[in-house]
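Q: First, the structure itself, so that you have it in front of you.
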Number of protein chains: 2
Amino acid sequence: MEKKRSGRRGSVTLTDVAQAAGVSQITVSRILRDKGPVAEETRQRVLAAVRRTGYVPNRLAGGLASSGSRLVGVIIPSLSNIVFPEVLRGVHAALDGTGFEAVVAVSDYGMAHEERLVSSLLAWQLEAIVVTGLRHTKLARTMLERCNARIAEVMEIDSAPIDVAVGLSHRRAGFDMGRYLVELGYRRFGYVGHDWDADYRARLRYDGLMLALDEAGLTLLDEERFDGPSSTQVGREMLRKLLARTRGLDVVVFSNDDMATGGMFHCMGAGIRLKQDLAIFGFNGLDIGQALPMPLSTVRSNRFLIGKLAVEKLLEQRERPKLPTVIDTGYEIVVGATA
Amino acid sequence: MEKKRSGRRGSVTLTDVAQAAGVSQITVSRILRDKGPVAEETRQRVLAAVRRTGYVPNRLAGGLASSGSRLVGVIIPSLSNIVFPEVLRGVHAALDGTGFEAVVAVSDYGMAHEERLVSSLLAWQLEAIVVTGLRHTKLARTMLERCNARIAEVMEIDSAPIDVAVGLSHRRAGFDMGRYLVELGYRRFGYVGHDWDADYRARLRYDGLMLALDEAGLTLLDEERFDGPSSTQVGREMLRKLLARTRGLDVVVFSNDDMATGGMFHCMGAGIRLKQDLAIFGFNGLDIGQALPMPLSTVRSNRFLIGKLAVEKLLEQRERPKLPTVIDTGYEIVVGATA
DNA sequence: CTGTTAGCGCCTTCAA
DNA sequence: TTGAAGGCGCTAACAG
């Protein structure tokens with residue numbers, strides 16, 4: 001029964017607990033995992049020994065032996081843009097109580113960076129991985145396809161996923177918002193946006209918007225695009241520049257709510273009456289926009305839900321199905337008071 | 001040289017690569033880890049074999065064998081409160097390029113929940129762990145003290161840490177803000193806050209504020225406290241209630257910037273002139289507050305820095321030093337335009 | 001410069 | 001209901 005002393009770093013192992021309880025390792029292991037039949041009496045004795053020794057399982061060893069890490073990888077482009085922490089919230093909500101843990105990495109909107117992260121994370125023998133978007137480097141895609149993990153590509157469903165896609169069609173959302181604004185009677189459109197190469201989903205919405213304008217026989221009169229991440233400050237400044245250059249705009253569409261909120265602040269400061277003088281429209285439906293003195297008109301995406309559904313779907317079944325799944329979490333136009 | 005076939009799940013192992021390159025496992029291992037001397041010729045051959053086979057290392061096995069997981073645990077109370085994603089940003093900034101990965105968990109401001117998370121995360125043989133705050137359940141504390149990981153307790157330095165504390169003194173911050181407002185001539189103070197039991201650091205700031213008022217021979221005239229998390233909406237509503245009940249307030253101190261921003265929105269909507277009719281003061285120095293038409297007067301904490309310094313300090317040295325370290329990231333009063 | 005040997009701590013499989 | 005043997009994939013320590 002006796003085999004060896006405890007780990008060199010003084011850590012308590014299964015063997016130690018087994019000795020303390022006068023049983024074999026495997027019995028302790030079984031009890032700790034609720035597997036196989038165990039006599040209640042043994043069970044109590046072992047549990048007591050576990051407590052007495054302060055045993056902490058070693059999940060590296062457990063994972064190695066069972067080839068199942070109970071680890072979910074998550075790669076998001078940013079933590080500055082509030083939408084991604086919200087996706088993470090959803091991920092953690094779905095993970096809570098499952099015994100799975102999240103390994104989180106941030107790509108800074110870089111595809112090459114993402115590739116490196118995919119490679120590092122997969123080394124953890126992930127059972128599932130959540131990545132942002134459907135565009136990846138060729139190598140990243142290959143690694144994802146080849147690995148044994150379930151894969152969710154989240155935020156967008158504008159093209160085909162490897163395994164599961166959870167999100168919304170940004171192109172359609174852009175189109176619908178355009179059509180909505182046209183229906184409201186707006187004709188003189190402006191656009192304020194941020195970095196496209198990084199956040200290409202903003203570009204998809206823009207493309208959708210253009211389609212809607214085109215359909216109505218309209219064109220964008222002017223646009224201002226910042227070459228960097230979105231923020232309230234940037235939205236404010238870009239709107240100022242846009243309005244300084246082009247007069248007579250009806251409505252300005254912003255790449256997202258952060259930018260639009262900045263736009264609203266500019267108007268408030270400059271004495272421009274929202275909606276009457278200039279309509280403003282955002283994207284995301286953030287809380288902040290709805291708490292403003294005049295609630296922002298926008299399109300609500302469902303970030304929390306995206307994260308939550310993605311993980312729920314992935315944990316549902318360990319094997320990757322033959323056919324990919326697309327989960328459309330949709331979007332709704334939030335009427336607001338600014339358009 | 002030949003030993004066994006590849007892993008049952010079809011995954012490529014070191015052995016496979018070794019065979020493909022005609023060397024032993026350990027040689028491949030050494031090359032992949034840049035350890036020990038290797039002939040450049042062998043190196044190239046092995047690297048080619050790695051690429052050819054699509055080898056992905058198994059970090060569970062690697063960690064087990066070397067008793068070093070290269071994993072950092074992070075437990076934060078919330079992802080909804082923007083300050084914690086900012087801490088996470090700092091954590092990831094410090095982790096980037098180190099080969100360490102972050103396992104992130106969210107406690108929802110629950111100490112019992114935190115205890116469970118500590119226990120789960122430690123099973124990963126963490127080399128370091130970042131937890132929020134200095135208050136934990138007794139068991140959580142014991143587990144942290146006993147484990148082999150370096151420990152950073154972040155956000156506050158109002159009491160003694162186990163290993164490293166990185167943050168600011170919330171009590172002093174509260175005191176300083178109170179004194180500052182008194183110096184500005186404010187006398188009739190109100191307070192709007194959120195859940196204390198959960199976010200006890202807000203309470204520390206409140207206590208500091210009370211001390212400053214007391215020192216000036218003043219008292220708080222009225223306060224409104226929401227029994228739940230902070231948000232812009234809640235700040236707005238609570239200020240409305242407070243003002244409906246108590247007239248003649250000079251200044252209202254909010255538990256944080258989210259709440260204060262909501263307060264500003266209430267004023268904007270209700271025709272109350274900021275600073276002239278009522279001064280408003282926040283805490284955190286969030287971007288949003290500074291992008292408002294009138295920048296919010298507040299105290300800036302340095303969340304990104306907290307996360308970054310914490311991880312940098314932890315990775316500096318693997319062994320826990322005899323004496324705890326306290327890193328004060330400080331705070332600054334942001335003058336703004338609302339007080 | 002490269003290889004051999006012996007685990008890391010746990011779980012799977014099979015036997016009792 | 002319990003146990004023994006063997007191995008998961010990798011690396012430390014020592015040879016050569």
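Just so we're on the same page: first chain in the structure tokens is A, next is B, and so on; residues restart at 1 for each chain, and ligands are numbered from 1 in the order they show up.
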Mind the document's chain letters and residue numbers, and return as an mmCIF file with N, CA and C atoms, in the first residue's frame the residues of region 151-254 of chain B that DSSP labels alpha helix (DSSP H).
A:
```
data_model
loop_
_atom_site.group_PDB
_atom_site.id
_atom_site.type_symbol
_atom_site.label_atom_id
_atom_site.label_comp_id
_atom_site.auth_asym_id
_atom_site.auth_seq_id
_atom_site.Cartn_x
_atom_site.Cartn_y
_atom_site.Cartn_z
ATOM 1 N N HIS B 170 -8.158 53.310 0.083
ATOM 2 C CA HIS B 170 -9.470 53.896 -0.191
ATOM 3 C C HIS B 170 -9.911 54.817 0.935
ATOM 4 N N ARG B 171 -9.503 54.491 2.117
ATOM 5 C CA ARG B 171 -9.864 55.333 3.252
ATOM 6 C C ARG B 171 -9.211 56.714 3.080
ATOM 7 N N ARG B 172 -7.935 56.696 2.723
ATOM 8 C CA ARG B 172 -7.258 57.985 2.536
ATOM 9 C C ARG B 172 -7.830 58.742 1.347
ATOM 10 N N ALA B 173 -8.152 57.998 0.293
ATOM 11 C CA ALA B 173 -8.733 58.654 -0.883
ATOM 12 C C ALA B 173 -10.040 59.341 -0.495
ATOM 13 N N GLY B 174 -10.847 58.646 0.291
ATOM 14 C CA GLY B 174 -12.113 59.229 0.733
ATOM 15 C C GLY B 174 -11.884 60.461 1.589
ATOM 16 N N PHE B 175 -10.915 60.337 2.446
ATOM 17 C CA PHE B 175 -10.586 61.459 3.331
ATOM 18 C C PHE B 175 -10.123 62.669 2.520
ATOM 19 N N ASP B 176 -9.211 62.422 1.599
ATOM 20 C CA ASP B 176 -8.668 63.517 0.797
ATOM 21 C C ASP B 176 -9.735 64.196 -0.056
ATOM 22 N N MET B 177 -10.626 63.390 -0.585
ATOM 23 C CA MET B 177 -11.671 64.010 -1.402
ATOM 24 C C MET B 177 -12.559 64.881 -0.525
ATOM 25 N N GLY B 178 -12.835 64.418 0.677
ATOM 26 C CA GLY B 178 -13.653 65.202 1.606
ATOM 27 C C GLY B 178 -12.983 66.526 1.947
ATOM 28 N N ARG B 179 -11.734 66.418 2.266
ATOM 29 C CA ARG B 179 -10.983 67.619 2.638
ATOM 30 C C ARG B 179 -10.922 68.604 1.463
ATOM 31 N N TYR B 180 -10.717 68.050 0.290
ATOM 32 C CA TYR B 180 -10.660 68.877 -0.921
ATOM 33 C C TYR B 180 -11.968 69.643 -1.111
ATOM 34 N N LEU B 181 -13.069 68.947 -0.937
ATOM 35 C CA LEU B 181 -14.374 69.586 -1.143
ATOM 36 C C LEU B 181 -14.640 70.644 -0.074
ATOM 37 N N VAL B 182 -14.192 70.356 1.138
ATOM 38 C CA VAL B 182 -14.356 71.332 2.219
ATOM 39 C C VAL B 182 -13.537 72.586 1.897
ATOM 40 N N GLU B 183 -12.336 72.352 1.406
ATOM 41 C CA GLU B 183 -11.484 73.495 1.045
ATOM 42 C C GLU B 183 -12.094 74.337 -0.068
ATOM 43 N N TYR B 200 -17.009 46.627 -0.467
ATOM 44 C CA TYR B 200 -16.665 47.277 0.805
ATOM 45 C C TYR B 200 -15.627 48.374 0.653
ATOM 46 N N ARG B 201 -14.966 48.412 -0.505
ATOM 47 C CA ARG B 201 -14.012 49.519 -0.713
ATOM 48 C C ARG B 201 -14.746 50.849 -0.839
ATOM 49 N N ALA B 202 -15.971 50.805 -1.353
ATOM 50 C CA ALA B 202 -16.790 52.021 -1.408
ATOM 51 C C ALA B 202 -17.061 52.490 0.027
ATOM 52 N N ARG B 203 -17.227 51.542 0.887
ATOM 53 C CA ARG B 203 -17.457 51.847 2.293
ATOM 54 C C ARG B 203 -16.234 52.500 2.927
ATOM 55 N N LEU B 204 -15.079 52.001 2.591
ATOM 56 C CA LEU B 204 -13.845 52.590 3.116
ATOM 57 C C LEU B 204 -13.727 54.054 2.703
ATOM 58 N N ARG B 205 -14.087 54.318 1.450
ATOM 59 C CA ARG B 205 -14.011 55.706 0.986
ATOM 60 C C ARG B 205 -15.020 56.568 1.733
ATOM 61 N N TYR B 206 -16.179 56.001 1.952
ATOM 62 C CA TYR B 206 -17.217 56.701 2.706
ATOM 63 C C TYR B 206 -16.708 57.025 4.111
ATOM 64 N N ASP B 207 -16.109 56.051 4.740
ATOM 65 C CA ASP B 207 -15.573 56.267 6.093
ATOM 66 C C ASP B 207 -14.546 57.397 6.090
ATOM 67 N N GLY B 208 -13.692 57.387 5.086
ATOM 68 C CA GLY B 208 -12.691 58.447 4.976
ATOM 69 C C GLY B 208 -13.353 59.810 4.815
ATOM 70 N N LEU B 209 -14.367 59.827 3.982
ATOM 71 C CA LEU B 209 -15.108 61.071 3.762
ATOM 72 C C LEU B 209 -15.700 61.590 5.070
ATOM 73 N N MET B 210 -16.283 60.670 5.834
ATOM 74 C CA MET B 210 -16.898 61.056 7.110
ATOM 75 C C MET B 210 -15.849 61.670 8.039
ATOM 76 N N LEU B 211 -14.695 61.078 8.035
ATOM 77 C CA LEU B 211 -13.603 61.578 8.874
ATOM 78 C C LEU B 211 -13.266 63.017 8.501
ATOM 79 N N ALA B 212 -13.205 63.269 7.201
ATOM 80 C CA ALA B 212 -12.861 64.618 6.745
ATOM 81 C C ALA B 212 -13.949 65.617 7.130
ATOM 82 N N LEU B 213 -15.195 65.183 6.998
ATOM 83 C CA LEU B 213 -16.295 66.082 7.357
ATOM 84 C C LEU B 213 -16.235 66.378 8.847
ATOM 85 N N ASP B 214 -16.033 65.329 9.581
ATOM 86 C CA ASP B 214 -15.964 65.436 11.024
ATOM 87 C C ASP B 214 -14.868 66.417 11.428
ATOM 88 N N GLU B 215 -13.742 66.262 10.821
ATOM 89 C CA GLU B 215 -12.601 67.128 11.095
ATOM 90 C C GLU B 215 -12.944 68.592 10.843
ATOM 91 N N THR B 232 -25.058 53.674 -13.993
ATOM 92 C CA THR B 232 -25.451 55.037 -14.329
ATOM 93 C C THR B 232 -26.923 55.255 -13.995
ATOM 94 N N GLN B 233 -27.734 54.304 -14.395
ATOM 95 C CA GLN B 233 -29.174 54.411 -14.137
ATOM 96 C C GLN B 233 -29.460 54.587 -12.656
ATOM 97 N N VAL B 234 -28.813 53.771 -11.859
ATOM 98 C CA VAL B 234 -29.055 53.819 -10.416
ATOM 99 C C VAL B 234 -28.600 55.159 -9.845
ATOM 100 N N GLY B 235 -27.465 55.642 -10.293
ATOM 101 C CA GLY B 235 -26.974 56.927 -9.804
ATOM 102 C C GLY B 235 -27.956 58.038 -10.114
ATOM 103 N N ARG B 236 -28.508 57.957 -11.286
ATOM 104 C CA ARG B 236 -29.471 58.961 -11.709
ATOM 105 C C ARG B 236 -30.706 58.954 -10.813
ATOM 106 N N GLU B 237 -31.218 57.776 -10.609
ATOM 107 C CA GLU B 237 -32.439 57.610 -9.827
ATOM 108 C C GLU B 237 -32.232 57.967 -8.353
ATOM 109 N N MET B 238 -31.086 57.551 -7.814
ATOM 110 C CA MET B 238 -30.822 57.809 -6.396
ATOM 111 C C MET B 238 -30.658 59.309 -6.136
ATOM 112 N N LEU B 239 -30.044 59.994 -7.081
ATOM 113 C CA LEU B 239 -29.889 61.439 -6.877
ATOM 114 C C LEU B 239 -31.252 62.118 -6.914
ATOM 115 N N ARG B 240 -32.079 61.658 -7.808
ATOM 116 C CA ARG B 240 -33.430 62.221 -7.893
ATOM 117 C C ARG B 240 -34.137 62.081 -6.545
ATOM 118 N N LYS B 241 -34.050 60.886 -5.987
ATOM 119 C CA LYS B 241 -34.706 60.636 -4.705
ATOM 120 C C LYS B 241 -34.119 61.506 -3.603
ATOM 121 N N LEU B 242 -32.808 61.596 -3.607
ATOM 122 C CA LEU B 242 -32.129 62.357 -2.556
ATOM 123 C C LEU B 242 -32.551 63.818 -2.602
ATOM 124 N N LEU B 243 -32.561 64.362 -3.803
ATOM 125 C CA LEU B 243 -32.874 65.788 -3.951
ATOM 126 C C LEU B 243 -34.351 66.069 -3.667
ATOM 127 N N ALA B 244 -35.186 65.085 -3.947
ATOM 128 C CA ALA B 244 -36.614 65.259 -3.679
ATOM 129 C C ALA B 244 -36.849 65.355 -2.176
ATOM 130 N N ARG B 245 -35.975 64.720 -1.425
ATOM 131 C CA ARG B 245 -36.177 64.649 0.021
ATOM 132 C C ARG B 245 -35.482 65.798 0.748
#
```
Q: At a cut-off of 6 Å, list the chain D residues touching chain B, using only C-alpha atoms (C1' of nucleotides), as JSON, numbers by chain.
A: {"D": [9, 10, 11]}
Q: Need to verify the contact set: Pro161 (chain A), 9 Å, only C-alpha atoms (C1' of nucleotides), exclusion of same-chain residues closer than 6 positions in sequence. Can you return it as a ChimeraX atom specification?
A: /A:134,151-153,324-326
Q: Can you list every residue of chain C that has an atom at most 6 Å from chain A, with its nearest atom pair and the distance in Å to one decimal, using only C-alpha atoms (C1' of nucleotides), ordered by chain then number, as a tab-separated table?
A:
```
residue	atom	partner	partner_atom	distance
C:DG9	C1'	A:Ala61	CA	5.0
C:DC10	C1'	A:Gly62	CA	4.8
C:DC11	C1'	A:Ala65	CA	5.1
```
Q: What does the file look like for those residues with C-alpha atoms (C1' of nucleotides), as a PDB file, in the first residue's frame?
A:
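Produced file result-v6.pdb, reproduced below:
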```pdb
ATOM      1  C1'  DG C   9       0.181  12.804  -9.910  1.00  0.00           C
ATOM      2  C1'  DC C  10      -3.554  11.018 -11.560  1.00  0.00           C
ATOM      3  C1'  DC C  11      -6.898   7.930 -14.077  1.00  0.00           C
TER       4       DC C  11
END
```
Q: Between CA of Asp277 (chain A) and CA of Val192 (chain A), what is the distance, to one decimal in Å?
A: 17.0 Å
Q: Work out how far apart CA of Glu156 (chain B) and CA of Ser297 (chain B) are and give it in Å to one decimal.
A: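 Straight-line distance from CA of Glu156 (chain B) to CA of Ser297 (chain B) works out to 21.5 Å.
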Q: Using the chain letters and numbers from this document, which residues of region 109-279 of chain A does DSSP assign to strand (DSSP E), as a PyMOL selection string?
A: chain A and resi 128-132+150-156+164-168+189-193+220-225+251-254+279
Q: Go ahead and write the selection's residues with C-alpha atoms as a PDB file, in the first residue's frame.
A:
```pdb
ATOM      1  CA  ALA A 128     -13.497  24.166 -26.067  1.00  0.00           C
ATOM      2  CA  ILE A 129     -12.367  27.486 -27.397  1.00  0.00           C
ATOM      3  CA  VAL A 130     -14.207  30.710 -28.030  1.00  0.00           C
ATOM      4  CA  VAL A 131     -12.679  33.057 -30.568  1.00  0.00           C
ATOM      5  CA  THR A 132     -13.943  36.379 -31.783  1.00  0.00           C
ATOM      6  CA  ARG A 150     -15.091  22.408 -29.813  1.00  0.00           C
ATOM      7  CA  ILE A 151     -14.923  25.857 -31.347  1.00  0.00           C
ATOM      8  CA  ALA A 152     -17.223  28.835 -31.135  1.00  0.00           C
ATOM      9  CA  GLU A 153     -16.625  31.838 -33.339  1.00  0.00           C
ATOM     10  CA  VAL A 154     -18.597  34.633 -31.803  1.00  0.00           C
ATOM     11  CA  MET A 155     -20.050  38.075 -32.573  1.00  0.00           C
ATOM     12  CA  GLU A 156     -20.842  37.608 -36.222  1.00  0.00           C
ATOM     13  CA  VAL A 164     -20.337  26.953 -34.087  1.00  0.00           C
ATOM     14  CA  ALA A 165     -20.998  30.617 -34.790  1.00  0.00           C
ATOM     15  CA  VAL A 166     -22.932  32.715 -32.290  1.00  0.00           C
ATOM     16  CA  GLY A 167     -23.787  36.308 -33.010  1.00  0.00           C
ATOM     17  CA  LEU A 168     -25.606  38.489 -35.436  1.00  0.00           C
ATOM     18  CA  PHE A 189     -26.536  61.165 -43.921  1.00  0.00           C
ATOM     19  CA  GLY A 190     -23.158  61.508 -42.282  1.00  0.00           C
ATOM     20  CA  TYR A 191     -20.995  58.780 -40.749  1.00  0.00           C
ATOM     21  CA  VAL A 192     -18.471  58.790 -37.940  1.00  0.00           C
ATOM     22  CA  GLY A 193     -16.400  55.700 -37.436  1.00  0.00           C
ATOM     23  CA  LEU A 220     -23.526  59.405 -47.721  1.00  0.00           C
ATOM     24  CA  LEU A 221     -22.770  63.122 -47.788  1.00  0.00           C
ATOM     25  CA  ASP A 222     -19.665  62.952 -45.646  1.00  0.00           C
ATOM     26  CA  GLU A 223     -17.813  60.756 -43.235  1.00  0.00           C
ATOM     27  CA  GLU A 224     -15.061  60.985 -40.687  1.00  0.00           C
ATOM     28  CA  ARG A 225     -13.077  57.975 -39.635  1.00  0.00           C
ATOM     29  CA  VAL A 251     -28.436  62.417 -39.211  1.00  0.00           C
ATOM     30  CA  VAL A 252     -25.063  61.019 -38.317  1.00  0.00           C
ATOM     31  CA  VAL A 253     -24.601  57.283 -37.935  1.00  0.00           C
ATOM     32  CA  PHE A 254     -21.793  56.238 -35.588  1.00  0.00           C
ATOM     33  CA  ALA A 279     -30.195  62.952 -35.309  1.00  0.00           C
TER      34      ALA A 279
END
```
Q: Which residues, written as a PyMOL selection string, have at least one atom at most 9 Å from DT2 (chain D), with only C-alpha atoms (C1' of nucleotides) counted and residues fewer than 3 positions away on the same chain left out?
A: (chain A and resi 23-24+26-27+38) or (chain C and resi 16)
Q: Take the residues from that selection and put them in a file with N, CA and C atoms (P, O5', C5', C4', C3', O3' and C1' of nucleotides), as an mmCIF file, in the first residue's frame.
A:
```
data_model
loop_
_atom_site.group_PDB
_atom_site.id
_atom_site.type_symbol
_atom_site.label_atom_id
_atom_site.label_comp_id
_atom_site.auth_asym_id
_atom_site.auth_seq_id
_atom_site.Cartn_x
_atom_site.Cartn_y
_atom_site.Cartn_z
ATOM 1 N N VAL A 23 -6.482 3.562 2.631
ATOM 2 C CA VAL A 23 -7.044 2.956 1.420
ATOM 3 C C VAL A 23 -6.053 3.182 0.283
ATOM 4 N N SER A 24 -6.454 2.804 -0.914
ATOM 5 C CA SER A 24 -5.552 3.022 -2.046
ATOM 6 C C SER A 24 -5.882 4.339 -2.742
ATOM 7 N N ILE A 26 -6.611 4.997 -5.744
ATOM 8 C CA ILE A 26 -7.734 4.978 -6.666
ATOM 9 C C ILE A 26 -9.066 5.148 -5.942
ATOM 10 N N THR A 27 -9.130 4.640 -4.746
ATOM 11 C CA THR A 27 -10.360 4.793 -3.976
ATOM 12 C C THR A 27 -10.597 6.268 -3.659
ATOM 13 N N VAL A 38 -18.869 3.218 -3.899
ATOM 14 C CA VAL A 38 -18.018 3.335 -2.719
ATOM 15 C C VAL A 38 -18.878 3.127 -1.477
ATOM 16 P P DA C 16 -7.244 -12.124 -10.748
ATOM 17 O "O5'" DA C 16 -7.900 -11.668 -9.370
ATOM 18 C "C5'" DA C 16 -7.093 -10.951 -8.433
ATOM 19 C "C4'" DA C 16 -8.001 -10.454 -7.351
ATOM 20 C "C3'" DA C 16 -8.801 -11.558 -6.658
ATOM 21 O "O3'" DA C 16 -8.506 -11.530 -5.277
ATOM 22 C "C1'" DA C 16 -10.158 -9.684 -7.154
#
```
Q: Leaving out His194 (chain B) and any residue of its chain fewer than 2 positions from it, which residues lie within 6 Å of it when counting only C-alpha atoms (C1' of nucleotides), given as a PDB file with C-alpha atoms, in the first residue's frame?
A:
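Listing of around05.pdb after writing:
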```pdb
ATOM      1  CA  ARG B 225     -27.849  54.026  -0.899  1.00  0.00           C
ATOM      2  CA  PHE B 226     -28.928  51.450  -3.417  1.00  0.00           C
ATOM      3  CA  ASP B 227     -28.823  47.847  -2.336  1.00  0.00           C
ATOM      4  CA  GLY B 228     -27.229  46.490  -5.480  1.00  0.00           C
ATOM      5  CA  PRO B 229     -24.429  47.145  -7.929  1.00  0.00           C
ATOM      6  CA  SER B 230     -23.546  50.596  -9.146  1.00  0.00           C
TER       7      SER B 230
END
```
Q: Which residues are near Leu117 (chain B)? Cut-off 8 Å, only C-alpha atoms (C1' of nucleotides), ignore same chain within fewer than 5 positions. Put them as a PyMOL selection string.
A: chain B and resi 75+105+107
Q: Using only C-alpha atoms, can you tell me which of A:Thr329, A:Gln317, A:Thr261, A:Asn284 comes closest to chain B?
A: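 Under the stated criterion, the closest residue is A:Thr261.
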Q: I'd like the contact shell of Leu315 (chain A) - 10 Å cut-off, only C-alpha atoms (C1' of nucleotides), skipping same-chain residues fewer than 6 positions apart - returned as a ChimeraX atom specification.
A: /A:70,72,94-95,98,100,127-128,150,309
Q: Separation of CA of Val56 (chain A) and C1' of DT12 (chain C), in Å?
A: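 Result for CA of Val56 (chain A) versus C1' of DT12 (chain C): 21.5 Å, one decimal.
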